[in-house]
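Chemist: There's a structure below that I have some questions on.
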Amino acid sequence: MATSVVASKIFRLPKKMASNQLPEFPSDQKSFELKNVVGNIKSSYTPQAVTANAPTSEKISQSISNSPLANYVPLFVMLPLGVITRENEFPDQATMERRLTELRKAGVDGVMVDVWWGVIEAKGPKQYNWNSYKRLFQVVQKCGLRIQAIMSFHQCGGNIGDAVYIPLPEWVLAIGEGDKDIFYTNRFGNRNPEYLSLGVDNLPIFRGRTAIEMYRDFMQSFRDEMVDLLESETIMDIEVGLGPAGEMRYPSYPQDQGWKFPGIGEFQCYDKYMKREFKDIAAKAGHPEWDLPDDTGTYNDTPEKTGFFSANGTYLSEKGKFFLTWYSNKLIEHGDQILDEANKVFQGCSVRLSIKVSGIHWWYTDNSHACELTSGYYNVKGRDGYRPVARMISSHYATLNFTCLEMINSEQPADAKSAPEQLVQQVLSGGWVENVDIAGENALSRYDRKGYNQILLNVRPNGVNKYGPPKYKMVGVTYLRLSDELFESKNFKIFKQFVKKMHADMDYMREMTDVPILRRSKSKIPIEKLLEATEPIKPISWNNVTDMSVGGPFADFLDNILDKFFILK
């Protein structure tokens, strides 16, 4: 294939443009050398010019070198959880269209949407109804926005910020009535129907299908029904749900079972299927006497109140390390299997696959990292629990989407031993070392300049490079979420400034959300190779503040003065 053909497909020069015609860019980008950019794309993108395992962002950066456009980071907005209702209805299309239009005018690149398994396949196995989502996606397309679609195989309800309730499909819950062990279970026998236990991933107990097969069939139906939106590249990101809240983790801190911040949470592996597997693997390792731990405390304990997480606790013993390795490996294998199926389904589409990793920042500075451990991230001193995840997803050409980008250490209570800033730096650094594209989200709604500036710092931790690509940058951020409060005058004014700074002070450009055609996954990486990535690395250096600030206390002061002026007037 000719180099120019490869370049035009991968980097999406504007359609209907003659090969010798330059695209139009905003007039304020006078330093942007268009001929150099197009020339670079046509002449320098060859298989030899770019490292084979380089992430998408690196390839794009190399092809638009010497251009400030390389600093542009797309900004998406997450739509309300119940934009499509539990009854599979799209109730307020007119209002949604108005709001999407406002987002587009503000320069927003696209939206993220939960596509609920419990809504689409509610009536019975393989009885999919996509009508309401098609209507929603067509409205998004009409408004000129792109779509990140979450394959939401979890329940909505029971987590922080869940304002609606959408359970798993009723027929799946009915199977659970006869076999409660299909659900995650803590050591006291409490079941959590938020997501199916990893123990049933490969068991054909769902009307002849395994859990993995149900997820695969759902994604295949999505591709078949949304073919027009995929071909038009309106849908450009498929985030594969891998657990509660769509995150790759165990449901270790469920609010509907009484958990409160900053509780350590509880392990969720006490269903009969997980118990059986642990006993089998322990016996093969020469320890048939080992059982699942029974000294781990309860949801709202602190580490020192437990035998497992306390100083010199069980987690440091041979048995504890064996358990934690198995528990975290199960989560990695779960993600690996589903991503492989997703890659098969969407191979050949111009989409990015992604998964979400949760930002569990409390107890991060405690030696035990207790809540990270109960959630499935075996991340302690001397062992990196996140880089193996990044290495796994690299084999599927997927993106790691990390949460809590807005959080600041000083805003957290001291007794939580929280360090979100260091956690973000660890996870992002590990992902970049593993040549993985990194995206992110804010964990909680923020409308203030301080929160936005923290996100902007993490997006480009070493700042903007006006002569070309920054040293490090994320491939996108999804803002949580569209709401009445966001559209309040003062909040939306600051938000629009945030969008502009995400774009490095450049105007909206649709081409910056183009993605290459998804290739088939590489060969499966053996678990032994994945675990080599547990070796800790030194995080990259972060600037102290962002060089793309939306303002600080003085800007807030001026806003308050203007607000009072207009109120008096």
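Chain labels follow the order of the structure tokens: the first chain is A, the next B, and so on; residue numbering restarts at 1 in every chain, and ligands are counted from 1 in their shown order.
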Taking 5 positions as the minimum chain separation for residues in the same chain, which residues sit within 12 Å of Pro536 (chain A) when counting only C-alpha atoms? Answer as a ChimeraX atom specification.
Modeler: /A:379-388,426-427,429-430,433,531
Chemist: Provide the CA of His369 (chain A) to CA of Lys305 (chain A) distance in Å, to one decimal place.
Modeler: 14.0 Å
Chemist: Just asking: which residues within region 364-525 of chain A are strand (DSSP E) according to DSSP, as a VMD selection string?
Modeler: chain A and resid 398 to 402 437 to 441 476 to 479
Chemist: Kindly give the distance, in Å, that separates CA of Ala70 (chain A) and CA of Arg391 (chain A), rounded to a single decimal.
Modeler: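 Going from CA of Ala70 (chain A) over to CA of Arg391 (chain A) covers 24.9 Å.
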Chemist: Determine, counting only C-alpha atoms, which protein, DNA and RNA residues have an atom within 9 Å of an atom of Asp505 (chain A); residues of the same chain fewer than 3 positions away are not included. Present the result as number ranges by chain.
Modeler: A: 72, 499-502, 548
Chemist: Could you write those residues out with N, CA and C atoms, as a PDB file, in the first residue's frame?
Modeler:
ATOM      1  N   TYR A  72      -2.947  19.350  21.224  1.00  0.00           N
ATOM      2  CA  TYR A  72      -4.413  19.297  21.330  1.00  0.00           C
ATOM      3  C   TYR A  72      -4.837  17.994  21.995  1.00  0.00           C
ATOM      4  N   VAL A 499     -12.317  23.776  28.124  1.00  0.00           N
ATOM      5  CA  VAL A 499     -12.281  23.116  26.819  1.00  0.00           C
ATOM      6  C   VAL A 499     -11.175  23.731  25.958  1.00  0.00           C
ATOM      7  N   LYS A 500     -11.111  25.064  25.929  1.00  0.00           N
ATOM      8  CA  LYS A 500     -10.094  25.757  25.130  1.00  0.00           C
ATOM      9  C   LYS A 500      -8.691  25.381  25.574  1.00  0.00           C
ATOM     10  N   LYS A 501      -8.472  25.287  26.883  1.00  0.00           N
ATOM     11  CA  LYS A 501      -7.149  24.934  27.396  1.00  0.00           C
ATOM     12  C   LYS A 501      -6.823  23.463  27.139  1.00  0.00           C
ATOM     13  N   MET A 502      -7.815  22.598  27.153  1.00  0.00           N
ATOM     14  CA  MET A 502      -7.588  21.205  26.752  1.00  0.00           C
ATOM     15  C   MET A 502      -7.051  21.159  25.327  1.00  0.00           C
ATOM     16  N   MET A 548      -1.412  25.780  31.158  1.00  0.00           N
ATOM     17  CA  MET A 548      -2.650  26.076  30.434  1.00  0.00           C
ATOM     18  C   MET A 548      -3.769  26.326  31.439  1.00  0.00           C
TER      19      MET A 548
END
Chemist: Can I get the residues of region 131-247 of chain A within 12 Å of region 262-284 of chain A, each with the closest pair of atoms and their distance in Å to one decimal, using only C-alpha atoms, sorted chain first then ascending number, as a Markdown table?
Modeler:
| residue | atom | partner | partner_atom | distance |
| --- | --- | --- | --- | --- |
| A:Asp179 | CA | A:Lys272 | CA | 10.0 |
| A:Lys180 | CA | A:Asp271 | CA | 8.2 |
| A:Asp181 | CA | A:Asp271 | CA | 4.9 |
| A:Ile182 | CA | A:Asp271 | CA | 7.4 |
| A:Phe183 | CA | A:Asp271 | CA | 7.3 |
| A:Tyr184 | CA | A:Gln268 | CA | 5.6 |
| A:Thr185 | CA | A:Tyr270 | CA | 5.1 |
| A:Asn186 | CA | A:Gln268 | CA | 4.7 |
| A:Arg187 | CA | A:Tyr270 | CA | 5.5 |
| A:Phe188 | CA | A:Tyr270 | CA | 8.4 |
| A:Gly189 | CA | A:Tyr270 | CA | 7.2 |
| A:Asn190 | CA | A:Tyr270 | CA | 9.2 |
| A:Arg191 | CA | A:Asp271 | CA | 8.5 |
| A:Asn192 | CA | A:Gln268 | CA | 8.9 |
| A:Pro193 | CA | A:Gln268 | CA | 11.8 |
| A:Glu194 | CA | A:Gln268 | CA | 11.9 |
| A:Tyr195 | CA | A:Gln268 | CA | 11.2 |
| A:Leu196 | CA | A:Asp271 | CA | 10.7 |
| A:Ser197 | CA | A:Asp271 | CA | 7.9 |
| A:Leu198 | CA | A:Met274 | CA | 7.5 |
| A:Gly199 | CA | A:Tyr273 | CA | 5.0 |
| A:Val200 | CA | A:Tyr273 | CA | 7.0 |
| A:Asp201 | CA | A:Tyr273 | CA | 10.1 |
| A:Asn202 | CA | A:Tyr273 | CA | 10.8 |
| A:Leu203 | CA | A:Tyr273 | CA | 9.6 |
| A:Gly243 | CA | A:Gln268 | CA | 11.9 |
| A:Pro244 | CA | A:Gln268 | CA | 11.8 |
Chemist: Between A:Leu136, A:Val389, A:Met151, A:Val464, single out the one closest to Ala504 (chain A), counting only C-alpha atoms.
Modeler: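 Using only C-alpha atoms, Ala504 (chain A) sits closest to A:Val464.
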Chemist: Give me, as a PyMOL selection string, all polymer residues having an atom no more than 10 Å from Asp366 (chain A), counting only C-alpha atoms and skipping those fewer than 5 positions away in the same chain.
Modeler: chain A and resi 303-304+309-311+380-381+416-419
Chemist: So that I can see what lies close to Gly440 (chain A), please list as a ChimeraX atom specification the residues with an atom at most 6 Å from it, counting only C-alpha atoms and leaving out residues fewer than 2 positions away in the same chain.
Modeler: /A:401-403,477
Chemist: Next, write the just-selected residues to a file, as an mmCIF file, in the first residue's frame, keeping C-alpha atoms as the atom set.
Modeler:
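So the final result, stored in out.cif, reads:
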data_model
loop_
_atom_site.group_PDB
_atom_site.id
_atom_site.type_symbol
_atom_site.label_atom_id
_atom_site.label_comp_id
_atom_site.auth_asym_id
_atom_site.auth_seq_id
_atom_site.Cartn_x
_atom_site.Cartn_y
_atom_site.Cartn_z
ATOM 1 C CA ASN A 401 -8.755 5.213 30.997
ATOM 2 C CA PHE A 402 -7.923 6.320 34.538
ATOM 3 C CA THR A 403 -10.109 8.201 36.988
ATOM 4 C CA VAL A 477 -10.366 13.310 28.834
#
Chemist: List every residue of region 267-460 of chain A that DSSP, applied to the backbone of this structure, assigns to alpha helix (DSSP H), and report them as an NGL selection string.
Modeler: :A and (272-284 or 318-346 or 370-375 or 387-394 or 420-433 or 449-459)
Chemist: Please list as a PyMOL selection string every residue within 10 Å of region 444-454 of chain A, counting only C-alpha atoms and excluding residues in the same chain fewer than 5 positions away.
Modeler: chain A and resi 160-161+403-408+421+459+461+479-483+485-486+488+490-495+497-499+501-502+544-553+555-556
Chemist: Counting only C-alpha atoms, figure out which residue out of A:Gln138, A:Gln412, A:Asn329, A:Asn129 gets nearest to Pro526 (chain A).
Modeler: A:Asn329
Chemist: Rounded to one decimal place, report the CA of Arg352 (chain A)-CA of Ala439 (chain A) distance in Å.
Modeler: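 A separation of 11.1 Å between them.
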